[in-house]
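Asker: Take a look at entry39.txt, compact mmCIF, C-alpha atoms and all ligand atoms:
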# COMPACT_ATOMS: atom_id res chain seq x y z
CA MET T 58 102.78 114.74 96.83
CA ILE T 59 101.55 113.21 100.09
CA VAL T 60 101.73 109.42 100.23
CA PRO T 61 98.94 108.03 102.44
CA LEU T 62 100.15 105.59 105.07
CA ARG T 63 99.64 101.98 103.95
CA LYS T 64 101.08 98.57 104.83
CA CYS T 65 101.94 96.08 102.14
CA LEU T 66 102.60 92.37 102.47
CA VAL T 67 103.91 90.17 99.68
CA PRO T 68 105.26 86.68 100.39
CA GLU T 69 108.34 85.06 98.94
CA PHE T 70 107.65 83.77 95.45
CA ILE T 71 109.80 81.98 92.93
CA LEU T 72 108.62 82.78 89.43
CA GLY T 73 109.63 81.07 86.23
CA ASP T 74 110.45 77.95 84.29
CA GLY T 75 111.10 75.00 86.60
CA ALA T 76 109.85 76.62 89.82
CA THR T 77 107.78 73.54 90.66
CA ASN T 78 110.97 71.43 90.68
CA LEU T 79 112.02 73.30 93.83
CA ALA T 80 109.20 72.05 96.06
CA ASN T 81 111.44 69.77 98.13
CA ARG T 82 114.08 72.48 98.57
CA TYR T 83 111.57 75.01 99.92
CA ILE T 84 109.71 72.49 102.08
CA LYS T 85 113.00 71.44 103.71
CA PHE T 86 113.42 74.99 105.07
CA PHE T 87 110.54 74.23 107.45
CA ASN T 88 112.02 71.05 109.02
CA PRO T 89 109.14 68.85 107.85
CA LYS T 90 108.08 65.97 110.07
CA LYS T 91 105.25 65.15 107.68
CA VAL T 92 103.78 67.25 104.85
CA LEU T 93 100.05 67.44 104.14
CA VAL T 94 99.72 67.83 100.36
CA VAL T 95 96.37 69.49 99.62
CA THR T 96 95.14 69.17 96.05
CA ASP T 97 92.06 68.01 94.14
CA ARG T 98 91.21 64.63 92.65
CA GLY T 99 91.81 65.75 89.06
CA LEU T 100 95.25 67.16 89.77
CA LYS T 101 96.26 64.17 91.88
CA LYS T 102 96.46 62.08 88.71
CA THR T 103 98.69 64.58 86.88
CA LYS T 104 102.41 64.60 86.21
CA LEU T 105 102.72 67.73 88.32
CA VAL T 106 101.66 65.98 91.53
CA SER T 107 103.66 62.83 90.75
CA ASN T 108 106.74 65.01 90.10
CA VAL T 109 106.30 66.66 93.51
CA GLU T 110 105.84 63.22 95.13
CA LYS T 111 109.09 62.08 93.50
CA GLN T 112 110.92 65.09 94.94
CA LEU T 113 109.58 64.41 98.43
CA LYS T 114 110.48 60.71 98.24
CA ALA T 115 113.98 61.49 96.93
CA ASP T 116 114.60 63.61 100.03
CA ASN T 117 112.92 61.13 102.41
CA ILE T 118 110.27 63.68 103.33
CA SER T 119 107.14 61.96 104.69
CA TYR T 120 103.85 63.15 103.25
CA CYS T 121 100.18 62.31 102.88
CA ILE T 122 97.67 63.65 100.39
CA TYR T 123 94.26 65.19 101.09
CA ASP T 124 92.33 65.62 97.83
CA ASN T 125 88.67 65.75 98.87
CA ILE T 126 88.29 69.34 97.67
CA SER T 127 85.42 70.67 95.55
CA PRO T 128 85.46 73.75 93.35
CA ASN T 129 84.24 76.43 95.82
CA PRO T 130 85.76 74.48 98.77
CA ARG T 131 83.28 73.52 101.48
CA ASP T 132 83.53 74.17 105.22
CA TYR T 133 83.26 70.43 105.99
CA GLU T 134 86.12 69.64 103.58
CA VAL T 135 88.33 72.07 105.49
CA MET T 136 87.36 70.44 108.81
CA GLU T 137 88.01 66.95 107.40
CA GLY T 138 91.40 68.08 106.03
CA ALA T 139 92.29 69.54 109.45
CA ASP T 140 91.44 66.15 111.00
CA VAL T 141 93.79 64.43 108.55
CA TYR T 142 96.51 66.99 109.34
CA ARG T 143 96.15 66.28 113.08
CA LYS T 144 95.84 62.48 112.87
CA GLU T 145 98.81 62.20 110.50
CA ASP T 146 100.85 64.48 112.78
CA CYS T 147 101.81 66.88 109.96
CA ASN T 148 103.66 70.16 110.48
CA VAL T 149 103.86 71.64 106.96
CA ILE T 150 101.21 72.11 104.23
CA LEU T 151 101.83 72.06 100.48
CA ALA T 152 98.92 73.31 98.34
CA ILE T 153 98.89 72.30 94.68
CA GLY T 154 96.10 73.71 92.53
CA GLY T 155 93.95 76.70 91.75
CA GLY T 156 92.06 78.84 94.23
CA SER T 157 90.00 75.97 95.65
CA PRO T 158 92.76 73.67 96.96
CA THR T 159 94.81 76.70 98.02
CA ASP T 160 91.95 78.30 99.98
CA ALA T 161 91.12 74.90 101.49
CA ALA T 162 94.79 74.48 102.51
CA LYS T 163 94.66 77.88 104.21
CA GLY T 164 91.46 76.85 106.00
CA ILE T 165 93.09 73.60 107.16
CA GLY T 166 96.07 75.57 108.44
CA ILE T 167 93.88 78.04 110.35
CA VAL T 168 91.85 75.29 112.03
CA SER T 169 94.96 73.23 112.84
CA THR T 170 96.55 75.93 114.96
CA ASN T 171 93.46 77.77 116.25
CA HIS T 172 91.28 74.75 117.13
CA HIS T 173 87.89 76.24 116.21
CA HIS T 174 85.46 75.65 113.36
CA ILE T 175 86.51 77.41 110.14
CA LYS T 176 83.27 79.42 110.13
CA SER T 177 84.34 81.33 113.25
CA PHE T 178 87.16 83.09 111.35
CA GLU T 179 85.04 85.01 108.83
CA GLY T 180 85.94 88.68 108.50
CA VAL T 181 89.08 90.77 108.88
CA ASP T 182 91.87 89.86 111.34
CA LYS T 183 89.94 87.19 113.28
CA ILE T 184 92.82 84.67 113.43
CA LEU T 185 94.94 84.64 116.58
CA ALA T 186 97.56 81.88 116.09
CA PRO T 187 99.77 81.74 112.96
CA MET T 188 99.13 78.89 110.53
CA PRO T 189 101.65 76.09 109.96
CA PRO T 190 104.13 76.79 107.13
CA LEU T 191 102.34 76.81 103.76
CA VAL T 192 104.06 76.36 100.38
CA CYS T 193 101.92 76.79 97.26
CA ILE T 194 102.11 75.66 93.65
CA PRO T 195 99.40 77.53 91.70
CA THR T 196 97.92 75.86 88.61
CA THR T 197 95.61 78.64 87.40
CA ALA T 198 96.28 82.26 86.46
CA GLY T 199 93.73 84.42 88.23
CA THR T 200 92.90 83.71 91.86
CA SER T 201 96.33 84.57 93.34
CA ALA T 202 95.35 82.71 96.50
CA ASP T 203 98.99 81.57 96.56
CA ILE T 204 100.15 85.08 97.54
CA SER T 205 97.07 86.75 99.02
CA GLN T 206 95.70 87.61 102.46
CA PHE T 207 92.33 86.08 101.48
CA ALA T 208 90.79 82.62 101.96
CA ILE T 209 87.27 82.00 100.62
CA ILE T 210 85.34 79.04 102.02
CA LEU T 211 81.76 77.96 101.30
CA ASP T 212 79.43 77.92 104.32
CA THR T 213 77.22 75.02 103.26
CA GLU T 214 74.56 75.71 105.87
CA LEU T 215 74.03 79.36 104.95
CA LYS T 216 74.92 78.78 101.27
CA THR T 217 77.28 81.73 101.16
CA LYS T 218 81.02 82.20 100.85
CA LEU T 219 82.97 83.28 103.88
CA ALA T 220 85.73 85.80 103.18
CA ILE T 221 88.56 85.25 105.68
CA ILE T 222 91.04 88.13 105.45
CA SER T 223 94.21 88.15 107.52
CA LYS T 224 97.96 88.45 107.08
CA THR T 225 98.24 85.08 108.80
CA VAL T 226 96.82 83.36 105.67
CA VAL T 227 99.56 84.70 103.40
CA PRO T 228 101.54 81.61 102.30
CA ASP T 229 105.23 81.38 103.14
CA THR T 230 106.38 80.61 99.61
CA SER T 231 104.77 80.29 96.20
CA LEU T 232 106.42 78.36 93.38
CA ILE T 233 104.94 79.93 90.24
CA ASP T 234 105.49 78.31 86.85
CA ALA T 235 103.06 79.08 84.02
CA GLU T 236 103.65 75.64 82.55
CA THR T 237 101.20 74.31 85.18
CA THR T 238 98.44 76.34 83.51
CA LEU T 239 98.82 74.81 80.03
CA THR T 240 96.19 72.15 80.76
CA MET T 241 93.39 74.60 81.66
CA ASP T 242 90.49 74.45 79.21
CA LYS T 243 89.15 77.58 77.50
CA GLU T 244 86.32 78.14 79.99
CA LEU T 245 88.58 77.94 83.03
CA THR T 246 91.23 80.09 81.30
CA ALA T 247 88.59 82.76 80.59
CA ALA T 248 86.98 82.65 84.04
CA THR T 249 90.28 82.80 85.95
CA GLY T 250 91.71 85.45 83.61
CA ILE T 251 88.67 87.68 84.09
CA ASP T 252 88.97 87.14 87.84
CA ALA T 253 92.49 88.63 87.62
CA LEU T 254 91.10 91.60 85.66
CA VAL T 255 88.40 92.18 88.30
CA HIS T 256 91.00 91.92 91.09
CA ALA T 257 93.05 94.63 89.40
CA ILE T 258 90.07 96.92 88.71
CA GLU T 259 88.58 96.59 92.20
CA ALA T 260 91.97 97.07 93.85
CA TYR T 261 92.62 100.20 91.76
CA VAL T 262 89.34 101.88 92.74
CA SER T 263 89.45 100.54 96.34
CA THR T 264 89.39 103.13 99.12
CA ALA T 265 92.47 101.33 100.55
CA SER T 266 94.56 101.54 97.34
CA SER T 267 98.12 102.84 97.45
CA VAL T 268 100.93 103.81 95.09
CA ILE T 269 102.21 100.22 95.19
CA THR T 270 98.86 98.53 94.55
CA ASP T 271 97.99 101.06 91.82
CA MET T 272 101.15 100.34 89.81
CA ASN T 273 100.56 96.61 89.96
CA ALA T 274 96.86 96.90 89.16
CA LEU T 275 97.31 99.02 86.04
CA GLU T 276 100.02 96.73 84.66
CA ALA T 277 97.81 93.70 85.30
CA ILE T 278 94.91 95.33 83.40
CA LYS T 279 97.18 95.96 80.38
CA LEU T 280 98.42 92.37 80.41
CA VAL T 281 94.95 90.79 80.70
CA LYS T 282 93.58 92.99 77.91
CA GLN T 283 96.40 91.98 75.58
CA TYR T 284 96.96 88.35 76.48
CA LEU T 285 93.73 86.77 77.72
CA PRO T 286 92.06 86.60 74.27
CA LEU T 287 95.33 85.30 72.76
CA THR T 288 95.62 82.64 75.49
CA ILE T 289 92.03 81.51 74.97
CA LYS T 290 92.73 81.18 71.24
CA SER T 291 96.11 79.44 71.67
CA PRO T 292 96.00 77.67 75.06
CA LEU T 293 99.29 75.84 74.50
CA ASN T 294 101.30 79.00 73.89
CA LEU T 295 103.63 79.23 76.90
CA GLU T 296 104.53 82.87 76.22
CA TYR T 297 100.88 83.90 76.53
CA ARG T 298 100.44 81.70 79.61
CA ASN T 299 103.48 83.40 81.20
CA LYS T 300 101.98 86.83 80.57
CA MET T 301 98.69 85.75 82.16
CA MET T 302 100.51 84.29 85.17
CA LEU T 303 102.32 87.60 85.55
CA ALA T 304 99.02 89.49 85.25
CA SER T 305 97.53 87.29 87.96
CA LEU T 306 100.52 87.82 90.25
CA LEU T 307 100.46 91.63 89.87
CA ALA T 308 96.67 91.78 90.32
CA GLY T 309 97.10 89.54 93.37
CA ILE T 310 99.68 91.87 94.95
CA ALA T 311 97.26 94.74 94.30
CA PHE T 312 94.07 93.22 95.72
CA SER T 313 95.74 91.38 98.60
CA ASN T 314 96.84 94.77 99.93
CA ALA T 315 94.10 97.13 98.70
CA SER T 316 91.24 94.63 99.14
CA LEU T 317 88.34 94.42 96.68
CA GLY T 318 84.85 95.85 96.26
CA LEU T 319 81.22 95.31 95.39
CA VAL T 320 81.82 92.89 92.49
CA HIS T 321 83.51 90.43 94.83
CA ALA T 322 81.03 91.01 97.66
CA MET T 323 78.22 90.09 95.25
CA ALA T 324 80.19 87.27 93.59
CA HIS T 325 80.83 85.63 96.97
CA ALA T 326 77.10 85.67 97.75
CA LEU T 327 76.23 84.48 94.25
CA GLY T 328 78.86 81.73 94.15
CA GLY T 329 77.63 80.45 97.52
CA LEU T 330 73.99 80.39 96.50
CA LYS T 331 74.35 78.93 92.99
CA ASP T 332 77.72 77.16 93.39
CA ALA T 333 78.74 78.94 90.17
CA PRO T 334 82.38 79.50 89.04
CA HIS T 335 83.83 82.54 90.81
CA GLY T 336 85.35 84.14 87.71
CA MET T 337 82.09 83.79 85.82
CA CYS T 338 80.13 85.50 88.62
CA ASN T 339 82.64 88.37 88.66
CA ALA T 340 82.58 88.73 84.91
CA ILE T 341 78.79 88.98 84.72
CA LEU T 342 78.67 91.62 87.45
CA LEU T 343 81.69 93.76 86.52
CA ASP T 344 80.22 96.29 84.07
CA HIS T 345 77.01 96.68 86.12
CA VAL T 346 78.99 97.52 89.26
CA ILE T 347 81.09 100.01 87.27
CA ASP T 348 77.85 101.61 86.09
CA PHE T 349 76.92 102.04 89.77
CA ASN T 350 80.37 103.12 91.02
CA PHE T 351 81.70 105.28 88.17
CA GLU T 352 80.93 108.80 89.43
CA SER T 353 82.54 108.02 92.81
CA ALA T 354 85.92 107.27 91.22
CA THR T 355 85.79 108.90 87.79
CA ASN T 356 89.50 109.65 87.43
CA LYS T 357 90.44 106.12 88.47
CA TYR T 358 88.04 104.55 85.98
CA VAL T 359 89.47 106.83 83.28
CA ASP T 360 92.95 105.46 84.12
CA ILE T 361 91.54 101.93 83.91
CA GLY T 362 90.07 102.69 80.49
CA ASN T 363 93.40 104.04 79.30
CA ALA T 364 95.20 100.93 80.58
CA PHE T 365 92.56 98.91 78.77
CA GLY T 366 93.53 100.64 75.53
CA ILE T 367 90.65 103.09 75.12
CA ASN T 368 91.28 106.82 75.34
CA LEU T 369 88.95 108.31 77.92
CA ASP T 370 88.56 111.89 79.03
CA SER T 371 87.83 112.70 82.68
CA SER T 372 86.20 116.00 81.63
CA ASN T 373 83.44 114.01 79.96
CA PRO T 374 82.40 111.39 82.56
CA ALA T 375 79.17 110.27 80.88
CA SER T 376 80.86 109.42 77.61
CA SER T 377 83.89 107.87 79.37
CA LYS T 378 81.63 105.64 81.44
CA ALA T 379 79.69 104.48 78.37
CA LEU T 380 82.89 103.76 76.43
CA LEU T 381 84.48 101.79 79.30
CA ILE T 382 81.36 99.68 79.86
CA GLU T 383 81.05 99.00 76.14
CA ALA T 384 84.72 97.95 75.91
CA LEU T 385 84.38 95.58 78.88
CA GLN T 386 81.20 94.03 77.48
CA GLU T 387 82.93 93.45 74.16
CA PHE T 388 85.93 91.93 75.96
CA LYS T 389 83.68 89.56 77.92
CA HIS T 390 82.02 88.52 74.67
CA ILE T 391 85.41 87.79 73.07
CA CYS T 392 86.27 85.67 76.13
CA GLY T 393 83.01 83.68 75.84
CA ILE T 394 81.47 84.85 79.12
CA GLN T 395 77.76 84.20 79.77
CA PRO T 396 75.67 87.33 79.26
CA GLY T 397 73.62 87.37 82.48
CA LEU T 398 72.76 85.94 85.89
CA LYS T 399 69.68 84.16 84.48
CA GLN T 400 72.03 81.88 82.54
CA ILE T 401 73.66 80.62 85.73
CA GLY T 402 70.27 79.75 87.22
CA LEU T 403 69.59 82.78 89.44
CA LYS T 404 65.91 83.50 90.11
CA LYS T 405 64.47 86.93 90.86
CA ALA T 406 63.09 85.51 94.10
CA ASP T 407 66.76 85.12 95.23
CA PHE T 408 67.59 88.81 94.86
CA ARG T 409 66.76 89.98 98.40
CA GLU T 410 68.69 87.18 100.13
CA LEU T 411 71.64 87.63 97.79
CA ALA T 412 71.71 91.41 98.31
CA GLN T 413 71.66 90.99 102.09
CA LYS T 414 74.57 88.54 101.98
CA ALA T 415 76.59 90.80 99.67
CA TYR T 416 75.89 93.74 101.97
CA ASN T 417 77.44 91.79 104.87
CA ASP T 418 80.55 90.65 102.94
CA SER T 419 83.86 92.20 104.06
CA CYS T 420 84.82 93.16 100.49
CA ILE T 421 82.08 95.80 100.35
CA VAL T 422 83.93 97.95 102.88
CA THR T 423 86.49 99.26 100.36
CA ASN T 424 84.08 99.80 97.46
CA PRO T 425 84.42 103.43 96.29
CA LYS T 426 80.68 104.04 96.67
CA ASP T 427 78.46 103.02 99.59
CA ALA T 428 75.92 100.47 98.46
CA GLU T 429 72.65 99.80 100.28
CA ILE T 430 70.69 96.56 99.95
CA ALA T 431 68.25 98.25 97.53
CA ASP T 432 71.20 99.37 95.32
CA ILE T 433 72.51 95.81 95.19
CA GLU T 434 69.08 94.49 94.24
CA LYS T 435 68.97 97.00 91.39
CA ILE T 436 72.38 95.88 90.13
CA LEU T 437 71.15 92.25 90.20
CA GLU T 438 68.12 93.30 88.16
CA TYR T 439 70.35 94.90 85.49
CA ALA T 440 72.73 91.92 85.47
CA TRP T 441 69.95 89.30 85.25
FE FE X 501 88.42 86.83 92.81
Here is the file; what I need is its structure written in the form of structure tokens.

Answerer:
Amino acid sequence: MIVPLRKCLVPEFILGDGATNLANRYIKFFNPKKVLVVTDRGLKKTKLVSNVEKQLKADNISYCIYDNISPNPRDYEVMEGADVYRKEDCNVILAIGGGSPTDAAKGIGIVSTNHHHIKSFEGVDKILAPMPPLVCIPTTAGTSADISQFAIILDTELKTKLAIISKTVVPDTSLIDAETTLTMDKELTAATGIDALVHAIEAYVSTASSVITDMNALEAIKLVKQYLPLTIKSPLNLEYRNKMMLASLLAGIAFSNASLGLVHAMAHALGGLKDAPHGMCNAILLDHVIDFNFESATNKYVDIGNAFGINLDSSNPASSKALLIEALQEFKHICGIQPGLKQIGLKKADFRELAQKAYNDSCIVTNPKDAEIADIEKILEYAW
């Protein structure tokens, strides 16, 4: 067997019960002068943030908090956070939250050391200077921004999401404890959990996949299939939350290194235009993109079906494709996902603009099948 040449980058992570109690210990490794804690307004009032504040105070570590972060973090919030970082003379960043505060923290870090507007870093490997040290405490199970090479920021002028992809945005350390996810409501649990599933599926069929990303992706698919419906039903069950956190981590290792595909390219455009939840956009698009892609990666989709618990046969692609799409649609229904793009307010008049933006997104590069603007418009029509 020939193993294609691939690089793989996974940061240090501390996984398990009590990981968030180690924030001060891991921040001290970076000789902190002052720490910028990046979180959102909701989380700022929680025990989690006050526990971290207690740790910092106990060790006489100076800090300030920046919490002006929206879901789908905005470019101007990143620039404002970078101003705070500079004026307060910080030298370490601690992100506490889901994908939005974590991506914003990455954006603040990029701007702080590279001294240009965040919008100038869109694309692959556009960052020259390393970010300041970044420690993360994730509070959702799905985005994996706490371990990934991706930062997604909303360009408010163009109403699209910028995908910034670079090894320089990989955090230094992530403190991962599923207990932080117990407070997520059912909708957020479903949307973030499906995001993890889409990360795993897109990484597995990516043209940049590898033996390492494949192993992690398939395991993540099995875990999401088994535990996401259980978690939605019993949100306070820590065992289920742990399994979903693990699924998110494995899917994150997979997509951070194999990149993503057309679902994410379209979801970035869609989320920017309608300011809709990322996981929901992905979920609506997933089966329609598989319908488009299937014949270009039949054997891989058969593996995905098998990991998802349905027995598929690569010698019968048409039937395998139908069975996989049906199983994913049923799974989305169980998870309470909206049926179509119409329900999140998309108009047919938006299709052309959306398709053009998706076509220009970096995630499209590793999709297993080349998609033209007309193909993307057709997928939007089916998903409407
Ligand atoms: Fe995602």

Asker: My list of candidates is T:Lys282, T:Ala440, T:Leu295, T:Leu342. Which is closest to Ile367 of chain T when distances are computed with all atoms listed in the file?

Answerer: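 Looking only at the distances to Ile367 of chain T, the closest residue turns out to be T:Lys282.
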
Asker: Would you please work out which residue, of T:Arg98, T:Lys331, T:His321, T:Lys104, is nearest to Ile122 of chain T when using all atoms listed in the file?

Answerer: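 Of T:Arg98, T:Lys331, T:His321, T:Lys104, the one nearest Ile122 of chain T, counting all atoms listed in the file, is T:Arg98.
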
Asker: Just want the 10 Å neighbourhood of segment 125-142 of chain T, counted on only C-alpha atoms, with same-chain residues fewer than 5 positions away dropped. Output as a PyMOL selection string.

Answerer: chain T and resi 91-99+147-150+155-170+172-176+209-214+216+218-219+325+328-329+332-335

Asker: Go ahead and save the picked residues with C-alpha atoms, as a JSON list (two decimals), in the frame of the given file.

Answerer:
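Output below, filename result13.json:
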[["chain", "number", "residue", "atom", "x", "y", "z"],
["T", 91, "LYS", "CA", 105.25, 65.15, 107.68],
["T", 92, "VAL", "CA", 103.78, 67.25, 104.85],
["T", 93, "LEU", "CA", 100.05, 67.44, 104.14],
["T", 94, "VAL", "CA", 99.72, 67.83, 100.36],
["T", 95, "VAL", "CA", 96.37, 69.49, 99.62],
["T", 96, "THR", "CA", 95.14, 69.17, 96.05],
["T", 97, "ASP", "CA", 92.06, 68.01, 94.14],
["T", 98, "ARG", "CA", 91.21, 64.63, 92.65],
["T", 99, "GLY", "CA", 91.81, 65.75, 89.06],
["T", 147, "CYS", "CA", 101.81, 66.88, 109.96],
["T", 148, "ASN", "CA", 103.66, 70.16, 110.48],
["T", 149, "VAL", "CA", 103.86, 71.64, 106.96],
["T", 150, "ILE", "CA", 101.21, 72.11, 104.23],
["T", 155, "GLY", "CA", 93.95, 76.70, 91.75],
["T", 156, "GLY", "CA", 92.06, 78.84, 94.23],
["T", 157, "SER", "CA", 90.00, 75.97, 95.65],
["T", 158, "PRO", "CA", 92.76, 73.67, 96.96],
["T", 159, "THR", "CA", 94.81, 76.70, 98.02],
["T", 160, "ASP", "CA", 91.95, 78.30, 99.98],
["T", 161, "ALA", "CA", 91.12, 74.90, 101.49],
["T", 162, "ALA", "CA", 94.79, 74.48, 102.51],
["T", 163, "LYS", "CA", 94.66, 77.88, 104.21],
["T", 164, "GLY", "CA", 91.46, 76.85, 106.00],
["T", 165, "ILE", "CA", 93.09, 73.60, 107.16],
["T", 166, "GLY", "CA", 96.07, 75.57, 108.44],
["T", 167, "ILE", "CA", 93.88, 78.04, 110.35],
["T", 168, "VAL", "CA", 91.85, 75.29, 112.03],
["T", 169, "SER", "CA", 94.96, 73.23, 112.84],
["T", 170, "THR", "CA", 96.55, 75.93, 114.96],
["T", 172, "HIS", "CA", 91.28, 74.75, 117.13],
["T", 173, "HIS", "CA", 87.89, 76.24, 116.21],
["T", 174, "HIS", "CA", 85.46, 75.65, 113.36],
["T", 175, "ILE", "CA", 86.51, 77.41, 110.14],
["T", 176, "LYS", "CA", 83.27, 79.42, 110.13],
["T", 209, "ILE", "CA", 87.27, 82.00, 100.62],
["T", 210, "ILE", "CA", 85.34, 79.04, 102.02],
["T", 211, "LEU", "CA", 81.76, 77.96, 101.30],
["T", 212, "ASP", "CA", 79.43, 77.92, 104.32],
["T", 213, "THR", "CA", 77.22, 75.02, 103.26],
["T", 214, "GLU", "CA", 74.56, 75.71, 105.87],
["T", 216, "LYS", "CA", 74.92, 78.78, 101.27],
["T", 218, "LYS", "CA", 81.02, 82.20, 100.85],
["T", 219, "LEU", "CA", 82.97, 83.28, 103.88],
["T", 325, "HIS", "CA", 80.83, 85.63, 96.97],
["T", 328, "GLY", "CA", 78.86, 81.73, 94.15],
["T", 329, "GLY", "CA", 77.63, 80.45, 97.52],
["T", 332, "ASP", "CA", 77.72, 77.16, 93.39],
["T", 333, "ALA", "CA", 78.74, 78.94, 90.17],
["T", 334, "PRO", "CA", 82.38, 79.50, 89.04],
["T", 335, "HIS", "CA", 83.83, 82.54, 90.81]]

Asker: So, with all atoms listed in the file as the atoms that count, which of T:Phe349, T:Phe207, T:Phe70, T:Tyr123 lies closest to ligand FE 501 (chain X)?

Answerer: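 Smallest separation from ligand FE 501 (chain X) among the options: T:Phe207.
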
Asker: Let me see if you get this right: every residue at most 6 Å from ligand FE 501 (chain X), counting only C-alpha atoms and all ligand atoms, written as a list in words.

Answerer: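 With only C-alpha atoms and all ligand atoms and a cut-off of 6 Å, ligand FE 501 (chain X) is contacted by Thr200, Asp252 and His256 of chain T.
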
Asker: At a cut-off of 12 Å, using all atoms listed in the file, what residues contact Gly250 of chain T? Leave out same-chain residues fewer than 2 positions from it and give the result as a CSV table (one decimal) with C-alpha atoms, keeping the file's coordinate frame.

Answerer:
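Just written: out_17.csv:
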chain,number,residue,atom,x,y,z
T,197,THR,CA,95.6,78.6,87.4
T,198,ALA,CA,96.3,82.3,86.5
T,199,GLY,CA,93.7,84.4,88.2
T,200,THR,CA,92.9,83.7,91.9
T,201,SER,CA,96.3,84.6,93.3
T,238,THR,CA,98.4,76.3,83.5
T,241,MET,CA,93.4,74.6,81.7
T,242,ASP,CA,90.5,74.4,79.2
T,243,LYS,CA,89.2,77.6,77.5
T,244,GLU,CA,86.3,78.1,80.0
T,245,LEU,CA,88.6,77.9,83.0
T,246,THR,CA,91.2,80.1,81.3
T,247,ALA,CA,88.6,82.8,80.6
T,248,ALA,CA,87.0,82.6,84.0
T,252,ASP,CA,89.0,87.1,87.8
T,253,ALA,CA,92.5,88.6,87.6
T,254,LEU,CA,91.1,91.6,85.7
T,255,VAL,CA,88.4,92.2,88.3
T,256,HIS,CA,91.0,91.9,91.1
T,257,ALA,CA,93.0,94.6,89.4
T,277,ALA,CA,97.8,93.7,85.3
T,278,ILE,CA,94.9,95.3,83.4
T,280,LEU,CA,98.4,92.4,80.4
T,281,VAL,CA,95.0,90.8,80.7
T,282,LYS,CA,93.6,93.0,77.9
T,283,GLN,CA,96.4,92.0,75.6
T,284,TYR,CA,97.0,88.4,76.5
T,285,LEU,CA,93.7,86.8,77.7
T,286,PRO,CA,92.1,86.6,74.3
T,287,LEU,CA,95.3,85.3,72.8
T,288,THR,CA,95.6,82.6,75.5
T,289,ILE,CA,92.0,81.5,75.0
T,297,TYR,CA,100.9,83.9,76.5
T,298,ARG,CA,100.4,81.7,79.6
T,300,LYS,CA,102.0,86.8,80.6
T,301,MET,CA,98.7,85.8,82.2
T,302,MET,CA,100.5,84.3,85.2
T,303,LEU,CA,102.3,87.6,85.6
T,304,ALA,CA,99.0,89.5,85.2
T,305,SER,CA,97.5,87.3,88.0
T,306,LEU,CA,100.5,87.8,90.2
T,308,ALA,CA,96.7,91.8,90.3
T,309,GLY,CA,97.1,89.5,93.4
T,335,HIS,CA,83.8,82.5,90.8
T,336,GLY,CA,85.4,84.1,87.7
T,337,MET,CA,82.1,83.8,85.8
T,339,ASN,CA,82.6,88.4,88.7
T,340,ALA,CA,82.6,88.7,84.9
T,388,PHE,CA,85.9,91.9,76.0
T,389,LYS,CA,83.7,89.6,77.9
T,392,CYS,CA,86.3,85.7,76.1
T,393,GLY,CA,83.0,83.7,75.8
T,394,ILE,CA,81.5,84.8,79.1

Asker: One decimal, Å: what's the distance from atom CA of Ser419 of chain T over to atom CA of Pro68 of chain T, could you say?

Answerer: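 Pair atom CA of Ser419 of chain T / atom CA of Pro68 of chain T returns 22.4 Å.
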
Asker: Please, what distance in Å, to one decimal, runs between atom CA of Lys183 of chain T and atom CA of Ser313 of chain T?

Answerer: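 For atom CA of Lys183 of chain T relative to atom CA of Ser313 of chain T, the distance reads 16.3 Å.
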
Asker: So how many Å separate atom CA of Ile382 of chain T and atom CA of Glu276 of chain T, to one decimal?

Answerer: 19.5 Å

Asker: Place a sphere of radius 12 Å on (106.0, 66.0, 103.6) in the file coordinates and name every protein, DNA or RNA residue with an atom inside or on its surface, counting all atoms listed in the file; give the answer as a ChimeraX atom specification.

Answerer: /T:80-95,109-122,142,145-152,190-192

Asker: Given all atoms listed in the file as the basis, pick out the residue of T:Gly366, T:Lys378, T:Ile341, T:Ala431 nearest to Gly397 of chain T.

Answerer: T:Ile341

Asker: Quick one: of T:Ala208, T:Asp432, T:Ser107, T:Thr225, who's nearest to Asn171 of chain T, counting all atoms listed in the file?

Answerer: T:Thr225

Asker: With all atoms listed in the file as the counted atoms, please give the residues lying no more than 12 Å from Lys404 of chain T, apart from itself and same-chain residues fewer than 3 positions off, as a list of chain:residue names.

Answerer: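 Contacts, with the query itself left out: T:Leu327, T:Leu330, T:Lys331, T:Gly397, T:Leu398, T:Lys399, T:Gln400, T:Ile401, T:Asp407, T:Phe408, T:Arg409, T:Glu410, T:Leu411, T:Leu437, T:Glu438, T:Ala440, T:Trp441.
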
Asker: Residues at most 12 Å from Ser377 of chain T, counting all atoms listed in the file, excluding those fewer than 2 positions away in the same chain, as a ChimeraX atom specification?

Answerer: /T:347-348,351-352,355-363,367-375,379-384
